[in-house]
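Visitor: So I've got this file, query.txt, and it contains compact mmCIF, N, CA and C atoms:
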```txt
# COMPACT_ATOMS: atom_id res chain seq x y z
N MET A 168 -10.84 10.42 5.12
CA MET A 168 -10.11 9.98 3.97
C MET A 168 -9.44 11.18 3.33
N SER A 169 -8.20 11.04 3.00
CA SER A 169 -7.42 12.15 2.47
C SER A 169 -7.13 11.92 0.99
N SER A 170 -6.92 12.99 0.29
CA SER A 170 -6.54 12.88 -1.12
C SER A 170 -5.04 13.07 -1.28
N GLU A 171 -4.30 12.90 -0.22
CA GLU A 171 -2.86 13.04 -0.26
C GLU A 171 -2.22 11.72 -0.67
N LEU A 172 -1.20 11.80 -1.51
CA LEU A 172 -0.43 10.62 -1.87
C LEU A 172 0.62 10.39 -0.80
N ALA A 173 0.72 9.18 -0.34
CA ALA A 173 1.73 8.84 0.67
C ALA A 173 2.84 8.05 -0.01
N PRO A 174 4.10 8.40 0.26
CA PRO A 174 5.19 7.64 -0.34
C PRO A 174 5.26 6.23 0.23
N ARG A 175 5.82 5.33 -0.54
CA ARG A 175 6.01 3.95 -0.07
C ARG A 175 6.89 4.00 1.18
N ALA A 176 6.60 3.13 2.12
CA ALA A 176 7.34 3.10 3.38
C ALA A 176 8.83 2.87 3.13
N SER A 177 9.15 1.94 2.26
CA SER A 177 10.55 1.61 2.03
C SER A 177 11.20 2.53 1.01
N GLY A 178 10.40 3.14 0.14
CA GLY A 178 10.95 3.98 -0.90
C GLY A 178 11.58 3.17 -2.02
N ALA A 179 11.50 1.85 -1.94
CA ALA A 179 12.12 0.98 -2.93
C ALA A 179 11.09 0.45 -3.92
N ALA A 180 11.59 -0.01 -5.01
CA ALA A 180 10.72 -0.62 -6.02
C ALA A 180 10.17 -1.94 -5.47
N PRO A 181 8.98 -2.36 -5.92
CA PRO A 181 8.40 -3.60 -5.41
C PRO A 181 9.22 -4.83 -5.76
N ALA A 182 9.92 -4.80 -6.88
CA ALA A 182 10.76 -5.93 -7.28
C ALA A 182 12.03 -5.37 -7.90
N VAL A 183 13.15 -5.88 -7.47
CA VAL A 183 14.43 -5.42 -7.96
C VAL A 183 14.59 -5.85 -9.42
N ALA A 184 14.93 -4.91 -10.27
CA ALA A 184 15.15 -5.22 -11.69
C ALA A 184 16.63 -5.56 -11.87
N ASP A 185 16.93 -6.82 -11.76
CA ASP A 185 18.31 -7.25 -11.92
C ASP A 185 18.37 -8.35 -12.98
N SER A 186 19.51 -8.97 -13.14
CA SER A 186 19.68 -9.99 -14.17
C SER A 186 19.47 -11.40 -13.63
N ASP A 187 18.92 -11.53 -12.44
CA ASP A 187 18.67 -12.84 -11.86
C ASP A 187 17.40 -13.42 -12.49
N ASN A 188 17.59 -14.31 -13.45
CA ASN A 188 16.47 -14.89 -14.18
C ASN A 188 16.20 -16.33 -13.81
N ARG A 189 16.66 -16.73 -12.64
CA ARG A 189 16.35 -18.09 -12.19
C ARG A 189 14.85 -18.19 -11.94
N TYR A 190 14.32 -19.39 -12.05
CA TYR A 190 12.87 -19.61 -11.95
C TYR A 190 12.29 -19.00 -10.68
N LYS A 191 12.85 -19.34 -9.54
CA LYS A 191 12.30 -18.85 -8.26
C LYS A 191 12.42 -17.34 -8.14
N ALA A 192 13.48 -16.76 -8.69
CA ALA A 192 13.65 -15.31 -8.64
C ALA A 192 12.60 -14.62 -9.50
N VAL A 193 12.35 -15.16 -10.68
CA VAL A 193 11.33 -14.57 -11.56
C VAL A 193 9.96 -14.70 -10.92
N GLN A 194 9.67 -15.85 -10.32
CA GLN A 194 8.38 -16.03 -9.64
C GLN A 194 8.23 -15.02 -8.50
N ALA A 195 9.29 -14.82 -7.74
CA ALA A 195 9.23 -13.86 -6.64
C ALA A 195 9.02 -12.43 -7.14
N LYS A 196 9.70 -12.08 -8.24
CA LYS A 196 9.55 -10.74 -8.81
C LYS A 196 8.12 -10.53 -9.32
N LEU A 197 7.58 -11.52 -10.01
CA LEU A 197 6.21 -11.40 -10.52
C LEU A 197 5.21 -11.31 -9.38
N LYS A 198 5.45 -12.07 -8.33
CA LYS A 198 4.55 -12.01 -7.17
C LYS A 198 4.60 -10.62 -6.53
N ALA A 199 5.81 -10.09 -6.34
CA ALA A 199 5.97 -8.77 -5.72
C ALA A 199 5.34 -7.68 -6.59
N LEU A 200 5.54 -7.77 -7.90
CA LEU A 200 4.97 -6.78 -8.80
C LEU A 200 3.44 -6.85 -8.78
N GLY A 201 2.90 -8.06 -8.83
CA GLY A 201 1.45 -8.23 -8.78
C GLY A 201 0.85 -7.68 -7.50
N GLN A 202 1.51 -7.94 -6.39
CA GLN A 202 1.01 -7.43 -5.10
C GLN A 202 1.09 -5.91 -5.05
N ALA A 203 2.18 -5.36 -5.56
CA ALA A 203 2.33 -3.90 -5.57
C ALA A 203 1.25 -3.25 -6.44
N LEU A 204 0.93 -3.87 -7.56
CA LEU A 204 -0.12 -3.35 -8.43
C LEU A 204 -1.49 -3.47 -7.79
N ASP A 205 -1.73 -4.59 -7.10
CA ASP A 205 -3.00 -4.74 -6.37
C ASP A 205 -3.13 -3.66 -5.30
N ASP A 206 -2.04 -3.43 -4.57
CA ASP A 206 -2.05 -2.40 -3.53
C ASP A 206 -2.24 -1.01 -4.14
N ALA A 207 -1.58 -0.77 -5.28
CA ALA A 207 -1.71 0.53 -5.95
C ALA A 207 -3.15 0.75 -6.41
N GLU A 208 -3.78 -0.30 -6.90
CA GLU A 208 -5.16 -0.18 -7.35
C GLU A 208 -6.06 0.24 -6.19
N LEU A 209 -5.87 -0.38 -5.04
CA LEU A 209 -6.67 -0.01 -3.87
C LEU A 209 -6.37 1.42 -3.41
N GLY A 210 -5.09 1.76 -3.37
CA GLY A 210 -4.70 3.10 -2.95
C GLY A 210 -5.22 4.17 -3.89
N LEU A 211 -5.16 3.90 -5.18
CA LEU A 211 -5.66 4.86 -6.16
C LEU A 211 -7.17 5.01 -6.08
N GLU A 212 -7.86 3.92 -5.79
CA GLU A 212 -9.32 4.00 -5.63
C GLU A 212 -9.66 4.89 -4.44
N GLU A 213 -8.93 4.74 -3.34
CA GLU A 213 -9.14 5.60 -2.18
C GLU A 213 -8.85 7.06 -2.53
N LEU A 214 -7.79 7.27 -3.29
CA LEU A 214 -7.44 8.63 -3.71
C LEU A 214 -8.56 9.22 -4.57
N ALA A 215 -9.10 8.45 -5.49
CA ALA A 215 -10.17 8.93 -6.37
C ALA A 215 -11.39 9.33 -5.55
N VAL A 216 -11.73 8.54 -4.55
CA VAL A 216 -12.88 8.87 -3.68
C VAL A 216 -12.62 10.19 -2.96
N GLY A 217 -11.42 10.35 -2.42
CA GLY A 217 -11.06 11.59 -1.72
C GLY A 217 -11.10 12.80 -2.63
N VAL A 218 -10.60 12.64 -3.84
CA VAL A 218 -10.59 13.76 -4.79
C VAL A 218 -12.02 14.12 -5.19
N ARG A 219 -12.86 13.10 -5.41
CA ARG A 219 -14.27 13.39 -5.73
C ARG A 219 -14.96 14.13 -4.59
N LYS A 220 -14.67 13.73 -3.35
CA LYS A 220 -15.25 14.42 -2.19
C LYS A 220 -14.78 15.87 -2.14
N ASN A 221 -13.51 16.09 -2.41
CA ASN A 221 -12.98 17.46 -2.41
C ASN A 221 -13.58 18.28 -3.54
N ALA A 222 -13.83 17.66 -4.68
CA ALA A 222 -14.49 18.36 -5.78
C ALA A 222 -15.89 18.78 -5.38
N LYS A 223 -16.61 17.92 -4.70
CA LYS A 223 -17.97 18.24 -4.24
C LYS A 223 -17.91 19.37 -3.20
N ARG A 224 -16.93 19.31 -2.30
CA ARG A 224 -16.78 20.37 -1.30
C ARG A 224 -16.51 21.72 -1.96
N ALA A 225 -15.65 21.71 -2.98
CA ALA A 225 -15.35 22.96 -3.69
C ALA A 225 -16.59 23.47 -4.42
N GLU A 226 -17.36 22.56 -5.00
CA GLU A 226 -18.60 22.96 -5.67
C GLU A 226 -19.57 23.58 -4.67
N ASP A 227 -19.71 22.95 -3.51
CA ASP A 227 -20.59 23.48 -2.47
C ASP A 227 -20.10 24.84 -1.97
N ALA A 228 -18.76 24.97 -1.85
CA ALA A 228 -18.20 26.25 -1.40
C ALA A 228 -18.48 27.34 -2.43
N ALA A 229 -18.39 27.00 -3.72
CA ALA A 229 -18.68 27.99 -4.76
C ALA A 229 -20.14 28.44 -4.67
N THR A 230 -21.02 27.49 -4.41
CA THR A 230 -22.45 27.82 -4.25
C THR A 230 -22.65 28.73 -3.04
N ASP A 231 -22.00 28.39 -1.94
CA ASP A 231 -22.11 29.20 -0.72
C ASP A 231 -21.56 30.62 -0.95
N ILE A 232 -20.46 30.71 -1.67
CA ILE A 232 -19.87 32.02 -1.96
C ILE A 232 -20.82 32.84 -2.82
N ALA A 233 -21.45 32.18 -3.79
CA ALA A 233 -22.40 32.88 -4.66
C ALA A 233 -23.60 33.37 -3.86
N HIS A 234 -24.11 32.53 -2.94
CA HIS A 234 -25.26 32.93 -2.11
C HIS A 234 -24.89 34.06 -1.14
N ALA A 235 -23.63 34.14 -0.77
CA ALA A 235 -23.19 35.19 0.13
C ALA A 235 -22.93 36.50 -0.62
N GLU A 236 -23.11 36.47 -1.91
CA GLU A 236 -22.96 37.63 -2.78
C GLU A 236 -21.57 38.26 -2.70
N LEU A 237 -20.57 37.37 -2.64
CA LEU A 237 -19.19 37.86 -2.70
C LEU A 237 -18.83 38.14 -4.15
N ASP A 238 -17.65 38.62 -4.34
CA ASP A 238 -17.18 38.95 -5.68
C ASP A 238 -17.30 37.72 -6.58
N PRO A 239 -17.88 37.85 -7.75
CA PRO A 239 -18.09 36.72 -8.65
C PRO A 239 -16.80 36.00 -9.06
N ARG A 240 -15.67 36.69 -9.03
CA ARG A 240 -14.42 36.02 -9.41
C ARG A 240 -14.08 34.89 -8.43
N PHE A 241 -14.47 35.05 -7.15
CA PHE A 241 -14.21 33.99 -6.17
C PHE A 241 -15.10 32.79 -6.44
N VAL A 242 -16.32 33.05 -6.88
CA VAL A 242 -17.21 31.95 -7.27
C VAL A 242 -16.60 31.20 -8.45
N GLU A 243 -16.14 31.96 -9.42
CA GLU A 243 -15.56 31.34 -10.62
C GLU A 243 -14.29 30.55 -10.28
N LEU A 244 -13.42 31.14 -9.47
CA LEU A 244 -12.18 30.44 -9.10
C LEU A 244 -12.47 29.16 -8.32
N THR A 245 -13.39 29.23 -7.38
CA THR A 245 -13.73 28.05 -6.59
C THR A 245 -14.40 27.00 -7.46
N SER A 246 -15.22 27.45 -8.38
CA SER A 246 -15.86 26.53 -9.32
C SER A 246 -14.83 25.86 -10.22
N ASN A 247 -13.82 26.63 -10.63
CA ASN A 247 -12.74 26.06 -11.45
C ASN A 247 -11.98 24.97 -10.69
N VAL A 248 -11.78 25.18 -9.40
CA VAL A 248 -11.12 24.16 -8.58
C VAL A 248 -11.96 22.89 -8.57
N SER A 249 -13.26 23.04 -8.43
CA SER A 249 -14.16 21.89 -8.43
C SER A 249 -14.07 21.12 -9.75
N VAL A 250 -14.09 21.85 -10.85
CA VAL A 250 -14.00 21.21 -12.17
C VAL A 250 -12.66 20.51 -12.34
N ALA A 251 -11.58 21.16 -11.91
CA ALA A 251 -10.24 20.56 -12.03
C ALA A 251 -10.14 19.28 -11.20
N LEU A 252 -10.68 19.31 -9.99
CA LEU A 252 -10.66 18.11 -9.15
C LEU A 252 -11.51 17.00 -9.76
N GLY A 253 -12.65 17.38 -10.34
CA GLY A 253 -13.48 16.38 -11.01
C GLY A 253 -12.74 15.72 -12.16
N GLY A 254 -12.02 16.53 -12.94
CA GLY A 254 -11.22 15.99 -14.03
C GLY A 254 -10.10 15.09 -13.53
N ALA A 255 -9.48 15.50 -12.43
CA ALA A 255 -8.42 14.67 -11.84
C ALA A 255 -8.99 13.33 -11.38
N ALA A 256 -10.18 13.35 -10.80
CA ALA A 256 -10.81 12.10 -10.34
C ALA A 256 -11.07 11.16 -11.51
N VAL A 257 -11.48 11.70 -12.64
CA VAL A 257 -11.71 10.88 -13.83
C VAL A 257 -10.40 10.23 -14.29
N GLN A 258 -9.33 11.01 -14.31
CA GLN A 258 -8.05 10.47 -14.74
C GLN A 258 -7.50 9.44 -13.74
N ILE A 259 -7.72 9.67 -12.46
CA ILE A 259 -7.30 8.69 -11.45
C ILE A 259 -8.07 7.39 -11.64
N LYS A 260 -9.34 7.49 -11.96
CA LYS A 260 -10.15 6.29 -12.19
C LYS A 260 -9.59 5.50 -13.37
N LYS A 261 -9.16 6.20 -14.42
CA LYS A 261 -8.53 5.53 -15.56
C LYS A 261 -7.25 4.81 -15.12
N LEU A 262 -6.50 5.46 -14.24
CA LEU A 262 -5.29 4.85 -13.72
C LEU A 262 -5.61 3.62 -12.87
N VAL A 263 -6.71 3.67 -12.13
CA VAL A 263 -7.15 2.51 -11.34
C VAL A 263 -7.41 1.32 -12.28
N VAL A 264 -8.11 1.59 -13.37
CA VAL A 264 -8.42 0.53 -14.33
C VAL A 264 -7.13 -0.03 -14.94
N THR A 265 -6.21 0.85 -15.29
CA THR A 265 -4.94 0.41 -15.87
C THR A 265 -4.14 -0.42 -14.88
N ALA A 266 -4.09 0.01 -13.63
CA ALA A 266 -3.37 -0.75 -12.60
C ALA A 266 -4.00 -2.13 -12.42
N GLY A 267 -5.33 -2.19 -12.43
CA GLY A 267 -6.02 -3.48 -12.30
C GLY A 267 -5.73 -4.41 -13.47
N GLU A 268 -5.77 -3.86 -14.68
CA GLU A 268 -5.48 -4.67 -15.86
C GLU A 268 -4.04 -5.17 -15.84
N THR A 269 -3.12 -4.29 -15.45
CA THR A 269 -1.72 -4.67 -15.39
C THR A 269 -1.48 -5.72 -14.31
N ALA A 270 -2.16 -5.58 -13.18
CA ALA A 270 -2.06 -6.59 -12.12
C ALA A 270 -2.57 -7.94 -12.62
N ASP A 271 -3.70 -7.93 -13.31
CA ASP A 271 -4.24 -9.18 -13.85
C ASP A 271 -3.26 -9.83 -14.82
N LEU A 272 -2.67 -9.03 -15.70
CA LEU A 272 -1.69 -9.56 -16.65
C LEU A 272 -0.45 -10.10 -15.93
N THR A 273 -0.04 -9.44 -14.86
CA THR A 273 1.12 -9.90 -14.10
C THR A 273 0.83 -11.24 -13.43
N HIS A 274 -0.36 -11.37 -12.85
CA HIS A 274 -0.74 -12.65 -12.22
C HIS A 274 -0.82 -13.75 -13.27
N ARG A 275 -1.33 -13.41 -14.45
CA ARG A 275 -1.42 -14.40 -15.54
C ARG A 275 -0.02 -14.80 -16.00
N ALA A 276 0.88 -13.84 -16.12
CA ALA A 276 2.26 -14.14 -16.52
C ALA A 276 2.93 -15.05 -15.50
N LYS A 277 2.68 -14.81 -14.23
CA LYS A 277 3.26 -15.66 -13.18
C LYS A 277 2.75 -17.10 -13.31
N ARG A 278 1.43 -17.24 -13.54
CA ARG A 278 0.86 -18.59 -13.70
C ARG A 278 1.41 -19.27 -14.95
N ASN A 279 1.52 -18.54 -16.06
CA ASN A 279 2.07 -19.12 -17.29
C ASN A 279 3.53 -19.52 -17.11
N HIS A 280 4.29 -18.66 -16.45
CA HIS A 280 5.70 -18.97 -16.18
C HIS A 280 5.80 -20.24 -15.34
N GLN A 281 4.95 -20.33 -14.34
CA GLN A 281 4.94 -21.53 -13.49
C GLN A 281 4.57 -22.78 -14.29
N LYS A 282 3.57 -22.63 -15.16
CA LYS A 282 3.14 -23.77 -15.96
C LYS A 282 4.24 -24.23 -16.92
N LEU A 283 4.94 -23.27 -17.51
CA LEU A 283 5.96 -23.60 -18.49
C LEU A 283 7.27 -24.10 -17.87
N TYR A 284 7.66 -23.51 -16.75
CA TYR A 284 8.99 -23.80 -16.22
C TYR A 284 9.02 -24.41 -14.82
N GLY A 285 7.87 -24.53 -14.17
CA GLY A 285 7.83 -25.06 -12.81
C GLY A 285 8.33 -26.49 -12.72
N ALA A 286 7.87 -27.35 -13.62
CA ALA A 286 8.29 -28.75 -13.58
C ALA A 286 9.79 -28.87 -13.85
N LEU A 287 10.30 -28.10 -14.79
CA LEU A 287 11.73 -28.12 -15.08
C LEU A 287 12.53 -27.69 -13.86
N ASP A 288 12.06 -26.66 -13.15
CA ASP A 288 12.76 -26.22 -11.95
C ASP A 288 12.73 -27.30 -10.88
N ASP A 289 11.59 -27.99 -10.73
CA ASP A 289 11.52 -29.09 -9.76
C ASP A 289 12.55 -30.17 -10.08
N ILE A 290 12.65 -30.52 -11.35
CA ILE A 290 13.62 -31.54 -11.75
C ILE A 290 15.03 -31.08 -11.46
N ARG A 291 15.35 -29.86 -11.88
CA ARG A 291 16.71 -29.33 -11.68
C ARG A 291 17.03 -29.16 -10.19
N SER A 292 16.03 -28.73 -9.40
CA SER A 292 16.28 -28.46 -7.98
C SER A 292 16.45 -29.74 -7.16
N ASN A 293 15.84 -30.83 -7.61
CA ASN A 293 15.87 -32.07 -6.82
C ASN A 293 16.95 -33.04 -7.26
N ARG A 294 17.78 -32.69 -8.22
CA ARG A 294 18.88 -33.55 -8.63
C ARG A 294 20.05 -33.39 -7.67
N ARG A 295 20.74 -34.49 -7.47
CA ARG A 295 21.92 -34.42 -6.60
C ARG A 295 23.13 -33.87 -7.34
N VAL A 296 23.14 -34.07 -8.65
CA VAL A 296 24.27 -33.57 -9.44
C VAL A 296 23.93 -32.22 -10.03
N GLN A 297 24.95 -31.45 -10.25
CA GLN A 297 24.74 -30.12 -10.80
C GLN A 297 24.37 -30.25 -12.28
N THR A 298 23.38 -29.49 -12.70
CA THR A 298 22.95 -29.52 -14.10
C THR A 298 23.26 -28.19 -14.75
N PRO A 299 23.41 -28.19 -16.07
CA PRO A 299 23.72 -26.92 -16.74
C PRO A 299 22.54 -25.95 -16.67
N ARG A 300 22.87 -24.70 -16.71
CA ARG A 300 21.82 -23.68 -16.71
C ARG A 300 21.10 -23.70 -18.05
N PRO A 301 19.82 -23.35 -18.05
CA PRO A 301 19.10 -23.29 -19.31
C PRO A 301 19.79 -22.32 -20.27
N GLY A 302 19.90 -22.72 -21.53
CA GLY A 302 20.51 -21.88 -22.54
C GLY A 302 22.01 -22.00 -22.64
N PHE A 303 22.62 -22.92 -21.90
CA PHE A 303 24.08 -23.01 -21.92
C PHE A 303 24.61 -23.42 -23.29
N LEU A 304 23.82 -24.13 -24.09
CA LEU A 304 24.27 -24.57 -25.40
C LEU A 304 24.22 -23.48 -26.44
N THR A 305 23.54 -22.40 -26.15
CA THR A 305 23.37 -21.33 -27.15
C THR A 305 24.51 -20.34 -27.15
N ARG A 306 25.48 -20.50 -26.30
CA ARG A 306 26.60 -19.54 -26.24
C ARG A 306 27.63 -19.82 -27.27
```
Translate this structure into structure tokens?

Guide:
Amino acid sequence: MSSELAPRASGAAPAVADSDNRYKAVQAKLKALGQALDDAELGLEELAVGVRKNAKRAEDAATDIAHAELDPRFVELTSNVSVALGGAAVQIKKLVVTAGETADLTHRAKRNHQKLYGALDDIRSNRRVQTPRPGFLTR
């Protein structure tokens, strides 16, 4: 397991931020965002595990350096790396929690959007005649 961050394969955002606010487009965007957040949560959890392992390795290396009676500054520097990695792991864990909460809110928003507008979209989509877009009277 590595503590390296890997870029997204496509390099693109999970959902295009455009002005397409049709029901099916919004549902697709919410689904893509929710999935990206779920994936990010898993990836960040893996990263946190890797960083914690590296922090432990640095701590063990500092102990080994101290037992080898090398210059104390190397013990201190290696120990500082361990502490820094431990702190990074804590912050990554906070990010994991935030990604999970945001994913949950995104899934809830998708369900609420479906509950509020799904039936209207079914009616509009199954009509043979063209119907006005929502909000056309407000212009």

Visitor: I'd like the interatomic distance between atom C of Ala203 in chain A and atom N of Lys261 in chain A, to a tenth of an Å.

Guide: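 Result for atom C of Ala203 in chain A versus atom N of Lys261 in chain A: 16.2 Å, one decimal.
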
Visitor: Would you compute the distance between CA of Thr298 in chain A and CA of Ala286 in chain A? Give it in Å to one decimal.

Guide: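 Atom-to-atom, CA of Thr298 in chain A and CA of Ala286 in chain A are spaced 14.7 Å apart.
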
Visitor: Hey, which of A:Thr273, A:Asn247, A:Thr230, A:Gln194 ends up closest to Gly285 in chain A? Count only C-alpha atoms.

Guide: A:Gln194

Visitor: Out of A:Asp185, A:Leu214, A:Asp205, A:Glu243, which residue has the shortest atom-to-atom distance to Ile259 in chain A when counting all atoms listed in the file?

Guide: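 Between A:Asp185, A:Leu214, A:Asp205, A:Glu243, the residue approaching Ile259 in chain A most closely is A:Leu214.
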
Visitor: Work out how far CA of Ser246 in chain A is from CA of Gln258 in chain A, in Å to one decimal.

Guide: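 According to the coordinates, CA of Gln258 in chain A and CA of Ser246 in chain A are separated by 18.7 Å.
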
Visitor: If you run DSSP over the backbone, which residues in chain A end up alpha helix (DSSP H)? Put them as a PyMOL selection string.

Guide: chain A and resi 190-234+239-292

Visitor: Please provide as a list in words all residues within 8 Å of Asp271 in chain A, with the sequence filter that same-chain residues fewer than 6 positions apart are discarded (counting all atoms listed in the file).

Guide: Gly201, Leu204, Asp205, Thr265 and Lys277 of chain A

Visitor: Would you mind listing what lies within 8 Å of Gln202 in chain A as a list in words, with only N, CA and C atoms counted and same-chain residues fewer than 6 positions away left out?

Guide: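 Contacts, in chain order: Pro181, Lys196, Glu208, Ala270, Thr273 and His274 of chain A.
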
Visitor: Grab the residues selected above and save them as a PDB file, keeping the file's coordinate frame with N, CA and C atoms.

Guide:
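And here's again-v4.pdb as it stands now:
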```pdb
ATOM      1  N   PRO A 181       8.980  -2.360  -5.920  1.00  0.00           N
ATOM      2  CA  PRO A 181       8.400  -3.600  -5.410  1.00  0.00           C
ATOM      3  C   PRO A 181       9.220  -4.830  -5.760  1.00  0.00           C
ATOM      4  N   LYS A 196       9.700 -12.080  -8.240  1.00  0.00           N
ATOM      5  CA  LYS A 196       9.550 -10.740  -8.810  1.00  0.00           C
ATOM      6  C   LYS A 196       8.120 -10.530  -9.320  1.00  0.00           C
ATOM      7  N   GLU A 208      -3.780  -0.300  -6.900  1.00  0.00           N
ATOM      8  CA  GLU A 208      -5.160  -0.180  -7.350  1.00  0.00           C
ATOM      9  C   GLU A 208      -6.060   0.240  -6.190  1.00  0.00           C
ATOM     10  N   ALA A 270      -2.160  -5.580 -13.180  1.00  0.00           N
ATOM     11  CA  ALA A 270      -2.060  -6.590 -12.120  1.00  0.00           C
ATOM     12  C   ALA A 270      -2.570  -7.940 -12.620  1.00  0.00           C
ATOM     13  N   THR A 273      -0.040  -9.440 -14.860  1.00  0.00           N
ATOM     14  CA  THR A 273       1.120  -9.900 -14.100  1.00  0.00           C
ATOM     15  C   THR A 273       0.830 -11.240 -13.430  1.00  0.00           C
ATOM     16  N   HIS A 274      -0.360 -11.370 -12.850  1.00  0.00           N
ATOM     17  CA  HIS A 274      -0.740 -12.650 -12.220  1.00  0.00           C
ATOM     18  C   HIS A 274      -0.820 -13.750 -13.270  1.00  0.00           C
TER      19      HIS A 274
END
```

Visitor: Which one is closest to Ser249 in chain A: A:Arg300, A:Lys282, A:Arg224, A:Arg189? Count all atoms listed in the file.

Guide: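 The answer is A:Arg224, which sits nearest to Ser249 in chain A.
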
Visitor: Could you write out as JSON the box around range 270-276 of chain A (axis-aligned, all atoms listed in the file, 6 Å on each side), with centre and edge lengths in Å to one decimal?

Guide:
```
{"center_x": -0.7, "center_y": -10.3, "center_z": -14.4, "size_x": 19.2, "size_y": 21.5, "size_z": 16.5}
```

Visitor: Could you check which of A:Thr245, A:Leu237, A:Val257, A:Leu209 is closest to Ala225 in chain A, using all atoms listed in the file?

Guide: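 Checking each candidate against Ala225 in chain A, we get A:Thr245 as the closest.
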
Visitor: From the set A:Val183, A:Leu211, A:Leu244, A:Leu197, which residue has the shortest atom-to-atom contact distance to Ala276 in chain A, counting only N, CA and C atoms?

Guide: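 Smallest distance to Ala276 in chain A is found for A:Leu197.
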